[in-house]
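**Student:** My structure is below; once you've seen it, I'll send some questions.
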Amino acid sequence: MNWKNEWKPLLLITVVFLFSYFLPINSLRFQNAIMEALHMVKEYAQLHVIFCLLPAFFIAGAIGVFISKEAVIKYLGARAKKLTAYAVASVSGAILAVCSCTILPLFSGIYKRGAGLGPATTFLYSGPAINVLAIILTARVLGVEIGIARAVGAIVFSIIIGLIMAFIFRKEEMEKAKKQMATPEPEASRPLWQEAVHFGIMVLILIFANWGAPKVDSGLWAAIYHAKWVITAVLAVIFGIVLNKIFKMKIWKILVTAVAVIAVHIIFKGNTILTFVTGIIGLSYFTSTAEGELQDWFSATWGFAKQILPLLFIGVLIAGSLLGRPGNEGLIPSAWINSLVGGNSLWANFFASIAGAFMYFATLTEVPILQGLMGNGMGNGPALALLLAGPALSLPNMLVIRSVMGTKKTLVFIGLVVIMATVSGVIFGSFFV
C-alpha cells in the first residue's frame with residue numbers, strides 16, 4: 001500500500017472521529033446553536049424564498065440569456081469613450097448577476113481582449129458587489145438603507161478604484177492601447193425598448209410582491225401596501241402580454257396559467273403564497289417545454305437556483321449555528337463580535353474590510369452571515385465595509401487576479417478595495433448608527 005496517497009483519507013477520518021468523540025451535545029450553548037440554525041433556515045424559507053428569490057432567479061436568468069456579454073464587452077474596449085466605459089463597467093455586475101468567482105473569467109476575457117485596466121478593474125470590483133440577487137436579498141433581510149448603500153457604494157467606489165488604477169499604471173496602459181485590436185460589434189436580436197419593458201415588468205412584480213407593511217397605516221406607502229396584490233396581478237397580466245407579443249409564447253399557455261392562478265386563489269381563499277407559486281410553476285413549465293430562447297431562459301434560471309439555493313441554505317445553517325439570530329446567541333459569544341466590529345470606529349471598519357477581503361463568500365451567503373453578525377452587535381458601518389470588500393475579493397479570487405494582471409497591480413487593487421470599503425463603512429456608519 002502506498003501511504004503517500006492515503007494520508008488525506010486518514011486525516012479526514014481522524015478529524016471526523018475526534019469531532020464525534022468530543023461532540024459537546026450536553027452543552028447548553030451547543031444545543032441552542034443547533035436550534036438557532038434551524039430557526040434561521042425556517043425563517044429564510046418562509047420570508048425570503050418564494051416572493052423574493054424565485055422571481056429574482058427568473059430576472060437573473062433573463063439577464064444571462066437576453067443581454068449579450070459581448071455587448072457589455074464592446075463598451076469597455078479601446079473604442080469606447082471613457083465616460084461610457086466606466087459607466088457601463090460600474091453597473092454591468094447588476095446586468096451579469098455574477099459572484100466573485102464567476103466574475104474572474106469575464107474579467108480575464110475583457111482585459112485580454114483589450115479593455116483598459118481602469119474599466120476592467122471597475123468591472124471586477126463592482127460586478128459581485130452589485131449582483132442583482134445580492135442587492136435584492138440585502139435590502140430584504142438587512143434593510144433598505146444598507147441595500148441602497150451597498151449598490152451606490154459599489155458603483156461609486158468601483159469608478160474611483162478604476163480611475164486610480166488607470167492613473168498609477170498609465171504608462172503601461174498607453175503602450176497597450178496602441179496595440180489593441182478593434183472589437184467587432186454584435187448585432188442586437190431585438191430593440192432595446194423591448195428588453196427594457198421585459199425586465200422592467202419583472203422588477204416591478206418583484207418590488208410589489210415584497211412590499212412591506214409601513215410602520216404607520218396611513219399615507220401613500222400604506223395605500224400601496226394594501227393594494228400590492230392588485231398591482232401585482234395587473235403587472236402579471238401585462239407580463240403575459242409581453243411574453244406573447246415579444247417572445248411569441250402561445251396565448252393558450254398564458255391563459256392556462258392565468259386560469260390556474262385564479263382557480264387556486266379562489267379555492268384557497270386568497271392564499272397569496274399558493275397563488276404566487278402557481279404562477280411560478282406555470283411560467284416554469286411553459287418556458288422549460290418551449291424551444292429556443294424561452295427554454296434557454298428557464299435553463300439559466302434553473303442553473304442559478306440549483307447553484308445558489310443549496311449554498312444559501314448551507315450558509316444560513318452555518319451562520320445560524322455560529323452567530324444565532326438577532327437577540328439570540330449561537331456558538332460565538334456576542335461579546336467577541338462587539339469587541340472586534342462593534343460600533344463604527346476606524347479599526348472596526350478596517351478589520352471588517354480585511355476579514356471580508358480574505359474570506360470566501362458563496363453567492364448570497366454573505367447576507368445571512370451579516371444578519372447573524374449584526375444581531376450580535378456588529379455596527380452598520382463595519383457591516384457595509386464587509387459587504388463591499390467580501391463579495392468582491394477572496395483569497396482564491398486574489399490568486400486568479402494575480403495570474404491575469406500581475407503581482408503589483410493585484411496588490412494595489414486589493415489595497416484600494418480595503419481602503420474604499422473602510423471609508424464607505426465609516427461614512428455610512430456615521431449616518432446610520
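Lettering and numbering for the C-alpha cells are positional, with chains as A, B, ... in the shown order, residues counted from 1 in each chain, and ligands counted from 1 in the shown order.
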I'd like the contact shell of Val412 (chain A) - 12 Å cut-off, only C-alpha atoms, skipping same-chain residues fewer than 2 positions apart - returned as a compact mmCIF listing (two decimals) with C-alpha atoms, in the first residue's frame.

**Tutor:**
# COMPACT_ATOMS: atom_id res chain seq x y z
CA THR A 121 -10.88 46.73 -12.56
CA ILE A 161 -10.71 52.37 -7.90
CA GLY A 162 -10.67 52.07 -11.70
CA ILE A 164 -6.77 55.30 -9.60
CA MET A 165 -5.58 52.03 -11.17
CA ALA A 166 -5.55 53.64 -14.62
CA PHE A 167 -3.60 56.63 -13.27
CA ILE A 168 -0.99 54.59 -11.38
CA PHE A 169 -0.28 52.32 -14.37
CA MET A 398 -6.74 37.17 -5.46
CA ILE A 401 -6.34 38.08 -10.44
CA ARG A 402 -2.58 37.92 -9.90
CA MET A 405 -2.59 41.21 -14.32
CA GLY A 406 0.49 40.51 -12.20
CA THR A 407 1.51 40.86 -8.57
CA LYS A 408 1.99 44.62 -8.46
CA LYS A 409 -1.40 45.52 -9.94
CA THR A 410 -3.11 42.89 -7.78
CA ILE A 414 -6.52 44.73 -3.03
CA GLY A 415 -5.24 47.74 -1.09
CA LEU A 416 -7.71 50.06 -2.83
CA VAL A 417 -10.64 47.70 -2.17
CA VAL A 418 -9.81 47.50 1.55
CA ILE A 419 -9.35 51.28 1.82

**Student:** Would you please work out which residue, of A:Ile246, A:Val91, A:Ala209, A:Val400, is nearest to Pro191 (chain A) when using only C-alpha atoms?

**Tutor:**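 Going through A:Ile246, A:Val91, A:Ala209, A:Val400 one by one, the smallest distance to Pro191 (chain A) is for A:Ile246.
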
**Student:** Identify which of the residues A:Ser321, A:Ser90, A:Asn210, A:Thr232 lies closest to Leu38 (chain A), counting only C-alpha atoms when measuring atom-to-atom distances.

**Tutor:**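 Smallest separation from Leu38 (chain A) among the options: A:Ser321.
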
**Student:** Write out as a PyMOL selection string all residues of region 280-388 of chain A that backbone DSSP assigns to helix (DSSP H, G or I).

**Tutor:** chain A and resi 280-288+293-323+334-341+346-358+366-375+380-388

**Student:** Identify which of the residues A:Phe208, A:Leu255, A:Ala352, A:Phe247 lies closest to Glu291 (chain A), counting only C-alpha atoms when measuring atom-to-atom distances.

**Tutor:** A:Phe247
